[in-house]
file run21.txt (compact mmCIF, C-alpha atoms and all ligand atoms)
# COMPACT_ATOMS: atom_id res chain seq x y z
CA MET A 1 -2.46 -0.61 -36.80
CA ASN A 2 -4.44 1.96 -34.76
CA ASP A 3 -2.82 4.87 -32.91
CA ALA A 4 -3.56 3.49 -29.43
CA ARG A 5 -1.73 0.25 -30.22
CA ARG A 6 1.16 2.17 -31.76
CA LEU A 7 1.64 4.09 -28.48
CA LYS A 8 1.53 0.90 -26.41
CA ILE A 9 4.19 -0.65 -28.62
CA ALA A 10 6.33 2.50 -28.38
CA ALA A 11 6.21 2.43 -24.56
CA ALA A 12 6.93 -1.30 -24.52
CA ALA A 13 9.90 -0.89 -26.87
CA GLU A 14 11.39 1.81 -24.63
CA ALA A 15 10.98 -0.45 -21.59
CA LEU A 16 12.76 -3.25 -23.40
CA SER A 17 15.94 -1.16 -23.39
CA TYR A 18 16.05 -1.62 -19.58
CA VAL A 19 16.05 -5.42 -19.89
CA LYS A 20 19.51 -6.95 -19.74
CA ASP A 21 20.72 -10.45 -20.45
CA GLY A 22 20.30 -12.73 -17.42
CA MET A 23 17.55 -10.69 -15.77
CA ARG A 24 14.75 -12.20 -13.69
CA LEU A 25 11.61 -10.34 -14.76
CA GLY A 26 8.11 -9.76 -13.49
CA ILE A 27 5.82 -9.73 -16.50
CA GLY A 28 2.64 -7.66 -16.26
CA THR A 29 -0.92 -8.11 -17.47
CA GLY A 30 -3.04 -6.16 -19.94
CA SER A 31 -2.86 -5.02 -23.54
CA THR A 32 0.25 -2.82 -23.02
CA ALA A 33 2.11 -5.52 -21.10
CA GLU A 34 1.23 -7.96 -23.88
CA GLU A 35 2.99 -5.72 -26.42
CA PHE A 36 6.02 -5.90 -24.15
CA VAL A 37 5.79 -9.71 -24.07
CA ARG A 38 5.77 -9.81 -27.89
CA LEU A 39 8.88 -7.62 -28.13
CA LEU A 40 10.59 -9.57 -25.35
CA ALA A 41 9.85 -12.82 -27.17
CA ASP A 42 11.65 -11.49 -30.26
CA LYS A 43 14.74 -10.79 -28.11
CA VAL A 44 14.54 -14.23 -26.51
CA ASN A 45 14.29 -15.83 -29.92
CA GLU A 46 17.41 -13.86 -30.96
CA GLY A 47 19.29 -15.37 -27.99
CA MET A 48 18.67 -13.11 -24.98
CA SER A 49 18.50 -15.13 -21.76
CA VAL A 50 15.81 -13.98 -19.32
CA ILE A 51 13.34 -15.70 -17.09
CA GLY A 52 9.97 -14.29 -16.08
CA VAL A 53 7.23 -14.57 -13.49
CA PRO A 54 3.86 -13.87 -15.16
CA THR A 55 1.35 -11.80 -13.17
CA SER A 56 -1.68 -13.69 -14.49
CA GLU A 57 -2.73 -16.91 -16.17
CA ARG A 58 -3.51 -14.79 -19.26
CA THR A 59 0.08 -13.52 -19.43
CA ALA A 60 1.43 -17.03 -18.73
CA VAL A 61 -0.48 -18.39 -21.74
CA LEU A 62 0.95 -15.71 -24.04
CA CYS A 63 4.51 -16.24 -22.73
CA ARG A 64 4.25 -19.99 -23.31
CA GLU A 65 2.90 -19.44 -26.82
CA LEU A 66 5.86 -17.17 -27.63
CA ASN A 67 8.52 -19.29 -25.85
CA VAL A 68 9.35 -16.76 -23.14
CA PRO A 69 10.85 -18.87 -20.31
CA LEU A 70 8.80 -18.78 -17.11
CA THR A 71 9.49 -19.38 -13.47
CA THR A 72 7.59 -18.89 -10.21
CA LEU A 73 8.19 -16.86 -7.07
CA GLU A 74 8.78 -20.17 -5.26
CA GLU A 75 11.72 -21.01 -7.55
CA THR A 76 12.81 -17.39 -8.04
CA PRO A 77 11.63 -15.29 -5.10
CA HIS A 78 13.66 -12.20 -5.94
CA LEU A 79 13.28 -10.43 -9.29
CA ASP A 80 15.37 -7.73 -10.93
CA LEU A 81 12.70 -5.83 -12.79
CA THR A 82 8.94 -5.85 -13.33
CA ILE A 83 7.38 -4.29 -16.42
CA ASP A 84 3.63 -3.72 -16.24
CA GLY A 85 0.86 -1.45 -17.47
CA ALA A 86 -1.48 0.74 -15.40
CA ASP A 87 -4.96 2.20 -15.52
CA GLU A 88 -3.92 5.56 -14.05
CA VAL A 89 -0.62 7.21 -13.11
CA ASP A 90 -0.28 10.43 -11.08
CA ALA A 91 2.63 12.85 -10.73
CA GLU A 92 4.08 10.94 -7.75
CA LEU A 93 3.99 7.74 -9.85
CA SER A 94 1.25 6.27 -7.71
CA LEU A 95 -0.98 4.03 -9.77
CA ILE A 96 -4.40 2.52 -10.09
CA LYS A 97 -4.10 -1.00 -11.45
CA GLY A 98 -6.39 -3.98 -11.74
CA GLY A 99 -8.50 -3.14 -14.76
CA GLY A 100 -7.54 -6.58 -16.03
CA GLY A 101 -8.24 -8.17 -12.65
CA ALA A 102 -4.64 -9.19 -11.92
CA LEU A 103 -3.88 -6.67 -9.17
CA LEU A 104 -3.01 -9.15 -6.42
CA ARG A 105 -0.39 -11.05 -8.40
CA GLU A 106 0.79 -7.80 -9.98
CA LYS A 107 1.44 -6.27 -6.57
CA ILE A 108 3.11 -9.40 -5.18
CA VAL A 109 5.40 -9.58 -8.22
CA ALA A 110 6.20 -5.83 -8.19
CA ALA A 111 7.01 -5.97 -4.47
CA ALA A 112 9.39 -8.90 -5.10
CA SER A 113 11.30 -6.86 -7.71
CA ASP A 114 14.19 -4.46 -7.27
CA SER A 115 12.44 -2.09 -9.63
CA MET A 116 9.11 -1.62 -11.39
CA ILE A 117 8.72 0.10 -14.73
CA VAL A 118 5.21 1.06 -15.84
CA ILE A 119 4.41 1.42 -19.51
CA ALA A 120 1.39 3.40 -20.64
CA ASP A 121 0.03 5.75 -23.24
CA GLU A 122 -0.53 9.38 -22.26
CA SER A 123 -4.27 8.88 -21.63
CA LYS A 124 -3.31 7.14 -18.37
CA LEU A 125 -1.59 10.19 -16.88
CA VAL A 126 -3.86 12.02 -14.39
CA GLU A 127 -3.54 14.86 -11.94
CA LYS A 128 -5.29 12.89 -9.16
CA LEU A 129 -6.11 9.18 -9.10
CA GLY A 130 -9.72 8.08 -9.09
CA GLN A 131 -11.43 8.72 -12.41
CA PHE A 132 -10.81 5.05 -13.16
CA PRO A 133 -12.89 2.94 -10.72
CA LEU A 134 -10.63 1.50 -8.04
CA PRO A 135 -10.54 -2.32 -8.17
CA ILE A 136 -10.80 -3.86 -4.70
CA GLU A 137 -10.18 -7.61 -4.51
CA VAL A 138 -12.31 -9.27 -1.83
CA ASN A 139 -12.85 -12.72 -0.43
CA PRO A 140 -16.20 -14.13 -1.65
CA PHE A 141 -17.02 -15.06 1.95
CA GLY A 142 -18.86 -12.20 3.62
CA LEU A 143 -19.21 -10.18 0.41
CA GLY A 144 -22.19 -8.17 1.73
CA ALA A 145 -20.47 -7.28 5.01
CA THR A 146 -17.21 -6.41 3.25
CA THR A 147 -19.04 -4.16 0.79
CA LEU A 148 -20.72 -2.30 3.67
CA ALA A 149 -17.38 -1.94 5.47
CA ILE A 150 -15.75 -0.51 2.31
CA GLU A 151 -18.60 1.99 1.99
CA ALA A 152 -18.24 3.05 5.63
CA ALA A 153 -14.45 3.36 5.44
CA ALA A 154 -14.70 5.46 2.29
CA GLN A 155 -17.35 7.71 3.85
CA LYS A 156 -15.04 8.47 6.79
CA LEU A 157 -12.57 9.81 4.22
CA GLY A 158 -15.28 11.87 2.49
CA LEU A 159 -15.49 9.45 -0.45
CA SER A 160 -18.64 7.99 -1.95
CA GLY A 161 -19.75 6.41 -5.18
CA SER A 162 -21.02 3.16 -6.60
CA LEU A 163 -19.45 -0.13 -5.53
CA LYS A 164 -20.00 -2.60 -8.36
CA LEU A 165 -19.26 -6.29 -8.20
CA ARG A 166 -17.28 -6.97 -11.38
CA GLU A 167 -18.90 -9.25 -13.93
CA LYS A 168 -17.63 -10.86 -17.10
CA ASP A 169 -19.89 -12.44 -19.72
CA GLY A 170 -22.86 -12.16 -17.34
CA GLU A 171 -21.09 -14.01 -14.49
CA THR A 172 -19.29 -12.71 -11.43
CA PHE A 173 -15.64 -12.20 -12.39
CA VAL A 174 -13.31 -14.48 -10.43
CA THR A 175 -9.62 -13.59 -10.14
CA ASP A 176 -6.74 -16.03 -10.63
CA GLY A 177 -6.67 -16.29 -6.82
CA GLY A 178 -10.37 -17.23 -6.60
CA HIS A 179 -11.54 -13.84 -5.28
CA PHE A 180 -14.11 -11.28 -6.45
CA ILE A 181 -13.49 -7.66 -7.46
CA ILE A 182 -15.51 -4.63 -6.37
CA ASP A 183 -14.98 -1.64 -8.68
CA ALA A 184 -15.31 1.48 -6.54
CA SER A 185 -16.20 4.69 -8.38
CA PHE A 186 -15.05 7.14 -5.72
CA GLY A 187 -13.95 9.82 -8.17
CA ARG A 188 -10.94 11.96 -7.27
CA ILE A 189 -9.01 10.37 -4.37
CA PRO A 190 -7.33 13.19 -2.41
CA ASP A 191 -5.28 10.93 -0.09
CA SER A 192 -4.54 7.54 -1.64
CA LYS A 193 -2.37 6.43 1.29
CA ALA A 194 -5.23 7.05 3.77
CA LEU A 195 -7.63 5.11 1.54
CA SER A 196 -5.13 2.27 1.16
CA ASP A 197 -4.71 2.01 4.95
CA ALA A 198 -8.48 2.11 5.52
CA LEU A 199 -9.12 -0.65 2.96
CA PHE A 200 -6.39 -2.89 4.40
CA ALA A 201 -8.05 -2.59 7.83
CA ILE A 202 -11.12 -4.46 6.48
CA PRO A 203 -10.71 -8.23 6.95
CA GLY A 204 -12.51 -9.26 3.74
CA VAL A 205 -10.33 -7.04 1.57
CA VAL A 206 -7.57 -9.12 0.02
CA GLU A 207 -5.89 -6.35 -2.00
CA HIS A 208 -6.68 -3.11 -3.76
CA GLY A 209 -5.48 -1.46 -6.94
CA LEU A 210 -3.65 1.51 -5.39
CA PHE A 211 0.07 0.95 -6.06
CA ILE A 212 1.89 3.51 -3.93
CA GLY A 213 5.68 3.73 -3.90
CA LEU A 214 6.14 0.72 -6.18
CA ALA A 215 6.74 2.22 -9.63
CA ARG A 216 10.21 3.70 -9.91
CA THR A 217 9.94 4.64 -13.57
CA VAL A 218 6.95 5.34 -15.80
CA ILE A 219 7.31 5.40 -19.57
CA ILE A 220 4.56 7.44 -21.18
CA ALA A 221 4.10 7.23 -24.92
CA GLY A 222 2.42 10.25 -26.51
CA ALA A 223 1.68 11.13 -30.12
CA SER A 224 4.78 13.32 -30.41
CA GLU A 225 7.23 11.96 -27.82
CA ILE A 226 8.02 9.30 -25.27
CA ARG A 227 8.55 10.64 -21.77
CA THR A 228 10.30 8.80 -18.94
CA LEU A 229 9.25 9.88 -15.46
CA ASN A 230 11.37 8.79 -12.50
CA ARG A 231 10.47 8.79 -8.82
CA PRO A 232 13.24 10.41 -6.79
C1 LIG B 301 -4.31 -5.55 -15.15
C2 LIG B 301 -3.74 -4.18 -15.08
C3 LIG B 301 -3.33 -3.56 -16.37
O1 LIG B 301 -1.97 -3.28 -16.31
C4 LIG B 301 -4.11 -2.30 -16.57
O2 LIG B 301 -5.49 -2.62 -16.55
C5 LIG B 301 -3.75 -1.63 -17.90
O3 LIG B 301 -4.18 -2.42 -18.96
P1 LIG B 301 -4.01 -1.96 -20.47
O4 LIG B 301 -2.55 -1.94 -20.76
O5 LIG B 301 -4.77 -3.00 -21.27
O6 LIG B 301 -4.64 -0.59 -20.59
O7 LIG B 301 -3.60 -3.59 -14.05
O8 LIG B 301 -4.77 -5.97 -13.90
call {"tool": "encode", "arguments": {"input": "run21.txt", "output": "structure tokens", "more": "lines below"}}
Ligand code: 5RP
result
Amino acid sequence: MNDARRLKIAAAAEALSYVKDGMRLGIGTGSTAEEFVRLLADKVNEGMSVIGVPTSERTAVLCRELNVPLTTLEETPHLDLTIDGADEVDAELSLIKGGGGALLREKIVAAASDSMIVIADESKLVEKLGQFPLPIEVNPFGLGATTLAIEAAAQKLGLSGSLKLREKDGETFVTDGGHFIIDASFGRIPDSKALSDALFAIPGVVEHGLFIGLARTVIIAGASEIRTLNRP
């Protein structure tokens, strides 16, 4: 097993200690969240009773394969705890998410949960968000106009950089919700709240990958220790 995977498993194992019998869980997307699903499945197979809302079709498939019981936000609109990965985490526990393209469902599920725990290896910890391109989920209708509006909104905040329509296997990437993703390489984002507000003011923007005030706890696995950061 390589070191990166070992750290993901270590963070996931620590997060599992927060999961109690009977909990309604939000289950994240990505390689770190998948390690959590595998450990959770072991607990379920030993008799723990939990039910989960997956944040993507990809996570749903894995949960079904491993017999983790699933529900929906229609059946179970209020969740106790969401466990998910992140692409970047800053000192205030604001995040960039969406590298796996699941940001919309991830944010809906996190917002429906009493608490969100993020699991990550130490490479995800940054002083300021923005080295990782910010995923912006957009409606396919009006893509050109929406892209221009994102560029203009960013410029007003002193931000610039390439806006790339995400592709996968040579095709435009389509999210589980049927939308496209623009990956915005703005670099360091000095005021993530201002950027979030500006993006939400654009009609074609469905969601963006800035998760502000959602993560209560971040578990960071490093080579020598596991750190738990809590938002006051
Ligand atoms: C998916 C996400 C993931 O949580 C994020 O991309 C981190 O993934 P990984 O654990 O594979 O590094 O936001 O939309």
call {"tool": "closest_residue", "arguments": {"input": "run21.txt", "among": "A:Ala110, A:Val174, A:Ile212, A:Ala120", "to": "Asn139 (chain A)", "atoms": "only C-alpha atoms"}}
result
A:Val174
call {"tool": "residues_near_ligand", "arguments": {"input": "run21.txt", "ligand": "ligand LIG 301 (chain B)", "cutoff": "7 Å", "atoms": "all atoms listed in the file", "output": "list in words"}}
result
Gly28, Thr29, Gly30, Ser31, Thr32, Ala33, Asp84, Gly85, Ala86, Asp87, Lys97, Gly98, Gly99, Gly100, Gly101, Ala102, Leu103 and Ala120 of chain A
call {"tool": "closest_residue", "arguments": {"input": "run21.txt", "among": "A:Leu134, A:Leu125, A:Leu143, A:Leu81", "to": "Ile202 (chain A)", "atoms": "all atoms listed in the file"}}
result
A:Leu143
call {"tool": "closest_residue", "arguments": {"input": "run21.txt", "among": "A:Ala152, A:Ile219, A:Val37, A:Ala13", "to": "Thr59 (chain A)", "atoms": "only C-alpha atoms"}}
result
A:Val37
call {"tool": "residues_around", "arguments": {"input": "run21.txt", "residues": "His78 (chain A)", "least_positions_apart": "2", "cutoff": "12 Å", "atoms": "all atoms listed in the file", "output": "ChimeraX atom specification"}}
result
/A:23-26,51-53,71-76,80-82,108-115
call {"tool": "closest_residue", "arguments": {"input": "run21.txt", "among": "A:Glu35, A:Glu14, A:Glu207, A:Asp197", "to": "Pro135 (chain A)", "atoms": "all atoms listed in the file"}}
result
A:Glu207
call {"tool": "closest_residue", "arguments": {"input": "run21.txt", "among": "A:Ala153, A:Ala60, A:Leu7, A:Leu159", "to": "Ala221 (chain A)", "atoms": "all atoms listed in the file"}}
result
A:Leu7
call {"tool": "closest_atom_pairs", "arguments": {"input": "run21.txt", "of": "region 196-227 of chain A", "to": "region 177-186 of chain A", "cutoff": "12 Å", "atoms": "all atoms listed in the file", "output": "JSON lines"}}
result
{"residue": "A:Leu199", "atom": "CA", "partner": "A:Ala184", "partner_atom": "CA", "distance": 11.5}
{"residue": "A:Gly204", "atom": "CA", "partner": "A:His179", "partner_atom": "CA", "distance": 10.2}
{"residue": "A:Val205", "atom": "CA", "partner": "A:Ile181", "partner_atom": "CA", "distance": 9.6}
{"residue": "A:Val206", "atom": "CA", "partner": "A:His179", "partner_atom": "CA", "distance": 8.1}
{"residue": "A:Glu207", "atom": "CA", "partner": "A:Ile181", "partner_atom": "CA", "distance": 9.4}
{"residue": "A:His208", "atom": "CA", "partner": "A:Ile181", "partner_atom": "CA", "distance": 9.0}
{"residue": "A:Gly209", "atom": "CA", "partner": "A:Asp183", "partner_atom": "CA", "distance": 9.7}
{"residue": "A:Leu210", "atom": "CA", "partner": "A:Ala184", "partner_atom": "CA", "distance": 11.7}
call {"tool": "residues_around", "arguments": {"input": "run21.txt", "residues": "Ser192 (chain A)", "least_positions_apart": "5", "cutoff": "10 Å", "atoms": "only C-alpha atoms", "output": "ChimeraX atom specification"}}
result
/A:94-96,128-130,197-198,210-212
call {"tool": "atom_distance", "arguments": {"input": "run21.txt", "atom1": "CA of Glu57 (chain A)", "atom2": "CA of Ala215 (chain A)"}}
result
22.3 Å
call {"tool": "residues_near_point", "arguments": {"input": "run21.txt", "point": "(6.6, 4.7, -18.7)", "cutoff": "9 Å", "atoms": "only C-alpha atoms", "output": "PyMOL selection string"}}
result
chain A and resi 11-12+14-15+85+117-121+217-221+226-230
call {"tool": "closest_residue", "arguments": {"input": "run21.txt", "among": "A:Met48, A:Glu122, A:Leu70, A:Pro140", "to": "Thr172 (chain A)", "atoms": "all atoms listed in the file"}}
result
A:Pro140
call {"tool": "atom_distance", "arguments": {"input": "run21.txt", "atom1": "CA of Ile27 (chain A)", "atom2": "CA of Thr55 (chain A)"}}
result
5.9 Å
call {"tool": "atom_distance", "arguments": {"input": "run21.txt", "atom1": "CA of Phe141 (chain A)", "atom2": "CA of Phe173 (chain A)"}}
result
14.7 Å
call {"tool": "decode", "arguments": {"input": "run21.txt", "residues": "region 76-90 of chain A", "atoms": "all heavy atoms", "output": "short mmCIF file (atom, residue, chain, number, x, y, z; two decimals), in the first residue's frame"}}
result
data_model
loop_
_atom_site.label_atom_id
_atom_site.label_comp_id
_atom_site.auth_asym_id
_atom_site.auth_seq_id
_atom_site.Cartn_x
_atom_site.Cartn_y
_atom_site.Cartn_z
N THR A 76 -35.20 10.81 4.22
CA THR A 76 -34.46 11.16 5.45
C THR A 76 -33.86 12.55 5.25
O THR A 76 -32.68 12.70 4.92
CB THR A 76 -33.33 10.11 5.68
OG1 THR A 76 -33.88 8.80 5.53
CG2 THR A 76 -32.71 10.24 7.06
N PRO A 77 -34.68 13.59 5.44
CA PRO A 77 -34.21 14.94 5.08
C PRO A 77 -33.22 15.56 6.07
O PRO A 77 -32.61 16.58 5.76
CB PRO A 77 -35.50 15.75 5.03
CG PRO A 77 -36.51 14.98 5.79
CD PRO A 77 -36.09 13.55 5.82
N HIS A 78 -33.10 14.95 7.24
CA HIS A 78 -32.20 15.53 8.26
C HIS A 78 -31.17 14.48 8.67
O HIS A 78 -31.55 13.38 9.08
CB HIS A 78 -33.04 16.00 9.46
CG HIS A 78 -32.23 16.64 10.53
ND1 HIS A 78 -32.64 16.73 11.83
CD2 HIS A 78 -31.00 17.21 10.50
CE1 HIS A 78 -31.71 17.33 12.56
NE2 HIS A 78 -30.72 17.64 11.77
N LEU A 79 -29.90 14.82 8.54
CA LEU A 79 -28.84 13.84 8.82
C LEU A 79 -28.05 14.26 10.07
O LEU A 79 -27.99 15.44 10.41
CB LEU A 79 -27.88 13.75 7.62
CG LEU A 79 -28.55 13.42 6.28
CD1 LEU A 79 -27.53 13.48 5.15
CD2 LEU A 79 -29.24 12.07 6.32
N ASP A 80 -27.46 13.27 10.71
CA ASP A 80 -26.68 13.57 11.92
C ASP A 80 -25.27 14.05 11.57
O ASP A 80 -24.76 15.00 12.16
CB ASP A 80 -26.57 12.30 12.79
CG ASP A 80 -27.93 11.81 13.23
OD1 ASP A 80 -28.62 12.57 13.94
OD2 ASP A 80 -28.33 10.71 12.81
N LEU A 81 -24.66 13.38 10.62
CA LEU A 81 -23.24 13.63 10.37
C LEU A 81 -22.89 13.32 8.91
O LEU A 81 -23.33 12.29 8.39
CB LEU A 81 -22.43 12.70 11.30
CG LEU A 81 -20.92 12.64 11.13
CD1 LEU A 81 -20.31 14.00 11.47
CD2 LEU A 81 -20.33 11.58 12.06
N THR A 82 -22.13 14.22 8.30
CA THR A 82 -21.57 13.94 6.97
C THR A 82 -20.06 13.80 7.09
O THR A 82 -19.40 14.60 7.75
CB THR A 82 -21.94 15.07 5.99
OG1 THR A 82 -23.30 14.94 5.62
CG2 THR A 82 -21.10 15.01 4.72
N ILE A 83 -19.54 12.79 6.42
CA ILE A 83 -18.08 12.59 6.36
C ILE A 83 -17.69 12.70 4.89
O ILE A 83 -18.23 11.98 4.04
CB ILE A 83 -17.67 11.18 6.84
CG1 ILE A 83 -18.33 10.81 8.16
CG2 ILE A 83 -16.15 11.04 6.87
CD1 ILE A 83 -17.62 11.16 9.40
N ASP A 84 -16.76 13.60 4.58
CA ASP A 84 -16.40 13.80 3.18
C ASP A 84 -14.93 14.23 3.08
O ASP A 84 -14.34 14.67 4.08
CB ASP A 84 -17.32 14.89 2.58
CG ASP A 84 -17.42 14.81 1.07
OD1 ASP A 84 -16.61 14.09 0.44
OD2 ASP A 84 -18.31 15.48 0.50
N GLY A 85 -14.38 14.13 1.91
CA GLY A 85 -13.02 14.60 1.66
C GLY A 85 -13.04 16.06 1.23
O GLY A 85 -14.08 16.73 1.25
N ALA A 86 -11.87 16.57 0.84
CA ALA A 86 -11.77 17.94 0.33
C ALA A 86 -10.53 18.06 -0.53
O ALA A 86 -9.60 17.26 -0.43
CB ALA A 86 -11.69 18.94 1.49
N ASP A 87 -10.54 19.08 -1.38
CA ASP A 87 -9.37 19.35 -2.22
C ASP A 87 -8.42 20.32 -1.54
O ASP A 87 -7.21 20.24 -1.73
CB ASP A 87 -9.82 19.89 -3.58
CG ASP A 87 -10.68 18.86 -4.30
OD1 ASP A 87 -10.18 17.75 -4.55
OD2 ASP A 87 -11.87 19.14 -4.54
N GLU A 88 -8.97 21.25 -0.78
CA GLU A 88 -8.15 22.17 0.03
C GLU A 88 -8.91 22.50 1.31
O GLU A 88 -10.15 22.60 1.31
CB GLU A 88 -7.88 23.48 -0.72
CG GLU A 88 -6.78 23.39 -1.76
CD GLU A 88 -6.40 24.74 -2.36
OE1 GLU A 88 -7.10 25.75 -2.14
OE2 GLU A 88 -5.39 24.77 -3.07
N VAL A 89 -8.14 22.76 2.37
CA VAL A 89 -8.70 23.17 3.67
C VAL A 89 -7.84 24.32 4.18
O VAL A 89 -6.60 24.20 4.18
CB VAL A 89 -8.60 22.03 4.70
CG1 VAL A 89 -9.20 22.46 6.04
CG2 VAL A 89 -9.26 20.75 4.20
N ASP A 90 -8.46 25.43 4.62
CA ASP A 90 -7.65 26.51 5.20
C ASP A 90 -7.81 26.53 6.72
O ASP A 90 -8.53 25.69 7.30
CB ASP A 90 -7.96 27.86 4.53
CG ASP A 90 -9.29 28.46 4.96
OD1 ASP A 90 -9.95 27.92 5.88
OD2 ASP A 90 -9.69 29.48 4.37
#
